[in-house]
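Participant: Quick one: this structure, given as structure tokens, is what I'll be asking you about.
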Amino acid sequence: MGDLYALDFDGVLCDSCGESSLSAVKAAKVRWPSLFTGVDSALEDLIVDQMHIVRPVVETGYENVLLVRLLLEMQVPSIRKSSVAEGLTVEEILENWPKLKPIIMEEWTEDKDALIDLFGKVRDEWIEKDLKTWISANRFYPGVSDALRFASSRLYIVTTKQSRFASILLEGLAGVPIPPERIYGLGTGPKVEVLKQLQKKPEHQGMTLHFVEDRLASLKNVIRESELDSWNLYLADWGYNTQKEREEAASIPRICIIGLSEFSKKLK
């Protein structure tokens with residue numbers, strides 16, 4: 001009956017860290033303009049560099065905006081409003097983000113939905129003003145565009161990215177238009193629920209099911225759902241994950257750690 005691949009987008013197909021970090025800085029300046037008074041380009045560049053290091057903790061795009069402010073507070077004591085910034089390191093963010101995030105959200109009196117809207121709006125404005133530069137701040141991993149273009153398997157995109165941004169990049173950067181009904185983006189529900197929907201579709205009965213992710217936490221969520229036992233699970237070792245996460249994944253029998261070239265061959 002063939003193979004069905006549910007593919008995460010950021011960290012599996014596309015390296016969007018450059019764009020998401022720059023968009024997050026733009027959004028943070030809109031949200032908290034006074035904090036950026038006196039922040040020079042060198043400090044901005046440092047924060048963008050550090051964003052590449054902490055990227056594995058991001059599940060949904062708005063978290064990038066929070067990380068920019070936290071990294072800024074770590075560098076500039078005079079603007080600190082959070083109790084966690086003093087003495088904090090990027091390594092500790094990698095280890096403790098699920099605990100840190102609710103603390104700073106409360107201390108900064110921030111709202112998740114408002115930040116999601118802001119992050120999307122900033123991207124939309126960048127795209128409207130300069131689509132070419134926005135697209136060029138992203139890159140597809142080597143070989144992925146061709147693997148998507150010539151895939152013999154049925155492909156779905158399952159991502160926490162807003163669907164319109166994934167669609168623009170698939171068509172504009174990879175040259176692979178994927179129908180909107182094949183892209184499950186932010187707002188379509190948790191990934192485990194999307195996988196349940198996909199496996200129930202009549203046209204998918206009898207197909208071999210594969211889910212490729214770069215976030216170990218997302219794969220562990222699937223394992224907790226006995227209804228999803230038929231999915232083959234893969235951790236993308238080129239994506240936004242840490243050595244510690246890859247080592248943990250290697251100890252979980254259900255998860256296969258996959259390399260980029262092997263992934264491309266599987267799709268073809």
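Ligands are numbered from 1 in the order shown, chains are lettered A, B, ... in the order of the structure tokens, and residues start at 1 in each chain.
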I'd like to know which residues of segment 54-258 of chain A are alpha helix (DSSP H) (by DSSP, run on the backbone); could you write them as a PyMOL selection string?
Facilitator: chain A and resi 54+63-75+90-107+112-136+144-149+163-172+191-200+216-223+243-250
Participant: Applying 12 Å and only C-alpha atoms, which residues near Gly120 of chain A remain after dropping the ones on its own chain fewer than 3 positions away? List them as a list in words.
Facilitator: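 The filter keeps Ser20, Ser23, Ala24, Lys26, Ala27, Thr60, Gly61, Tyr62, Asn64, Val65, Asp113, Ala114, Leu115, Ile116, Asp117, Arg123, Asp124, Glu125, Trp126, Ile127, Lys161, Gln162, Ser163, Arg164, Phe165 and Leu186 of chain A.
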Participant: Would you mind telling me which residue in A:Ile79, A:Val90, A:Leu7, A:Cys256 lies nearest to Trp32 of chain A when using only C-alpha atoms?
Facilitator: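 Comparing A:Ile79, A:Val90, A:Leu7, A:Cys256 against Trp32 of chain A, the winner is A:Ile79.
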Participant: My list of candidates is A:Asp8, A:Glu95, A:Asp15, A:Asp3. Which is closest to Ala137 of chain A when distances are computed with only C-alpha atoms?
Facilitator: A:Asp15
Participant: Calculated over only C-alpha atoms, which of the candidates A:Glu110, A:Glu213, A:Glu91, A:Glu73 has the smallest distance to Cys14 of chain A?
Facilitator: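 Ranked by minimum distance to Cys14 of chain A, first place goes to A:Glu213.
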Participant: Which residues are near Leu43 of chain A? Cut-off 9 Å, only C-alpha atoms, ignore same chain within fewer than 4 positions. Put them as a VMD selection string.
Facilitator: chain A and resid 39 47 to 48 72 75
Participant: Compare A:Leu219, A:Leu13, A:Leu198, A:Met51 by their minimum atom-to-atom distance to Leu173 of chain A, counting only C-alpha atoms, and give me the closest one.
Facilitator: A:Leu13
Participant: Taking only C-alpha atoms into account, name the residue in A:Glu262, A:Glu63, A:Glu203, A:Glu248 that is nearest to Lys220 of chain A.
Facilitator: A:Glu248
Participant: So that I can check the secondary structure, give me every residue of segment 73-258 of chain A assigned strand (DSSP E or B) by backbone DSSP, as a count of residues only.
Facilitator: 25
Participant: Could you tell me how far atom CA of Phe140 of chain A lies from atom CA of Leu169 of chain A, in Å and to one decimal?
Facilitator: 8.8 Å
Participant: Which residues, written as a ChimeraX atom specification, have at least one atom at most 10 Å from Ile103 of chain A, with only C-alpha atoms counted and residues fewer than 4 positions away on the same chain left out?
Facilitator: /A:82-84,97-99,107-109
Participant: I need the chosen residues saved as a CSV table (one decimal), in the first residue's frame, with N, CA and C atoms.
Facilitator:
chain,number,residue,atom,x,y,z
A,82,SER,N,13.0,39.7,35.6
A,82,SER,CA,12.8,38.3,36.0
A,82,SER,C,13.7,37.9,37.1
A,83,SER,N,13.3,37.0,37.9
A,83,SER,CA,14.1,36.5,39.1
A,83,SER,C,15.1,35.5,38.7
A,84,VAL,N,15.0,35.0,37.4
A,84,VAL,CA,15.9,33.9,37.0
A,84,VAL,C,17.1,34.3,36.2
A,97,TRP,N,14.4,25.0,30.5
A,97,TRP,CA,13.4,25.8,29.8
A,97,TRP,C,12.0,25.6,30.2
A,98,PRO,N,11.5,24.3,30.3
A,98,PRO,CA,10.1,24.1,30.7
A,98,PRO,C,9.8,24.7,32.1
A,99,LYS,N,10.8,24.8,33.0
A,99,LYS,CA,10.5,25.4,34.3
A,99,LYS,C,10.7,26.9,34.2
A,107,GLU,N,6.2,36.7,35.5
A,107,GLU,CA,6.9,37.9,36.0
A,107,GLU,C,6.8,39.1,35.0
A,108,TRP,N,6.8,38.7,33.7
A,108,TRP,CA,6.6,39.8,32.7
A,108,TRP,C,5.2,40.1,32.3
A,109,THR,N,4.3,39.4,33.0
A,109,THR,CA,2.8,39.4,32.7
A,109,THR,C,2.6,39.4,31.2
Participant: List as a PyMOL selection string the protein and nucleic acid residues near Gln205 of chain A, meaning an atom at most 9 Å away when only C-alpha atoms are counted, but skip any in the same chain fewer than 5 places from it.
Facilitator: chain A and resi 1+199-200
Participant: Any chance you can output those residues with N, CA and C atoms as an mmCIF file, in the first residue's frame?
Facilitator:
data_model
loop_
_atom_site.group_PDB
_atom_site.id
_atom_site.type_symbol
_atom_site.label_atom_id
_atom_site.label_comp_id
_atom_site.auth_asym_id
_atom_site.auth_seq_id
_atom_site.Cartn_x
_atom_site.Cartn_y
_atom_site.Cartn_z
ATOM 1 N N MET A 1 0.823 -1.230 0.000
ATOM 2 C CA MET A 1 0.000 0.000 0.000
ATOM 3 C C MET A 1 0.850 1.269 0.000
ATOM 4 N N GLN A 199 -3.980 8.574 10.573
ATOM 5 C CA GLN A 199 -4.045 7.108 10.495
ATOM 6 C C GLN A 199 -5.485 6.602 10.342
ATOM 7 N N LYS A 200 -6.464 7.457 10.668
ATOM 8 C CA LYS A 200 -7.871 7.043 10.553
ATOM 9 C C LYS A 200 -8.449 7.272 9.150
#
Participant: Could you name the residues that touch Asp45 of chain A at 12 Å or less, counting only C-alpha atoms, but leaving out those on the same chain fewer than 3 positions away, as a PyMOL selection string?
Facilitator: chain A and resi 18+21-22+25+39-42+48-52+68+71-72
Participant: Go ahead and save the residues from that selection, with C-alpha atoms, as a PDB file, in the first residue's frame.
Facilitator:
ATOM      1  CA  GLY A  18      18.437  32.463  11.328  1.00  0.00           C
ATOM      2  CA  SER A  21      16.008  34.606  15.624  1.00  0.00           C
ATOM      3  CA  LEU A  22      15.966  37.822  13.564  1.00  0.00           C
ATOM      4  CA  VAL A  25      14.530  40.344  17.857  1.00  0.00           C
ATOM      5  CA  VAL A  39      21.463  48.056  22.827  1.00  0.00           C
ATOM      6  CA  ASP A  40      24.053  48.197  20.060  1.00  0.00           C
ATOM      7  CA  SER A  41      24.462  45.919  17.042  1.00  0.00           C
ATOM      8  CA  ALA A  42      27.261  43.937  18.718  1.00  0.00           C
ATOM      9  CA  VAL A  48      21.246  36.087  17.772  1.00  0.00           C
ATOM     10  CA  ASP A  49      24.312  33.813  18.109  1.00  0.00           C
ATOM     11  CA  GLN A  50      23.064  32.561  21.484  1.00  0.00           C
ATOM     12  CA  MET A  51      19.620  31.956  19.991  1.00  0.00           C
ATOM     13  CA  HIS A  52      21.200  29.338  17.735  1.00  0.00           C
ATOM     14  CA  VAL A  68      15.469  37.084  23.174  1.00  0.00           C
ATOM     15  CA  LEU A  71      19.119  36.549  26.901  1.00  0.00           C
ATOM     16  CA  LEU A  72      19.051  40.361  26.920  1.00  0.00           C
TER      17      LEU A  72
END
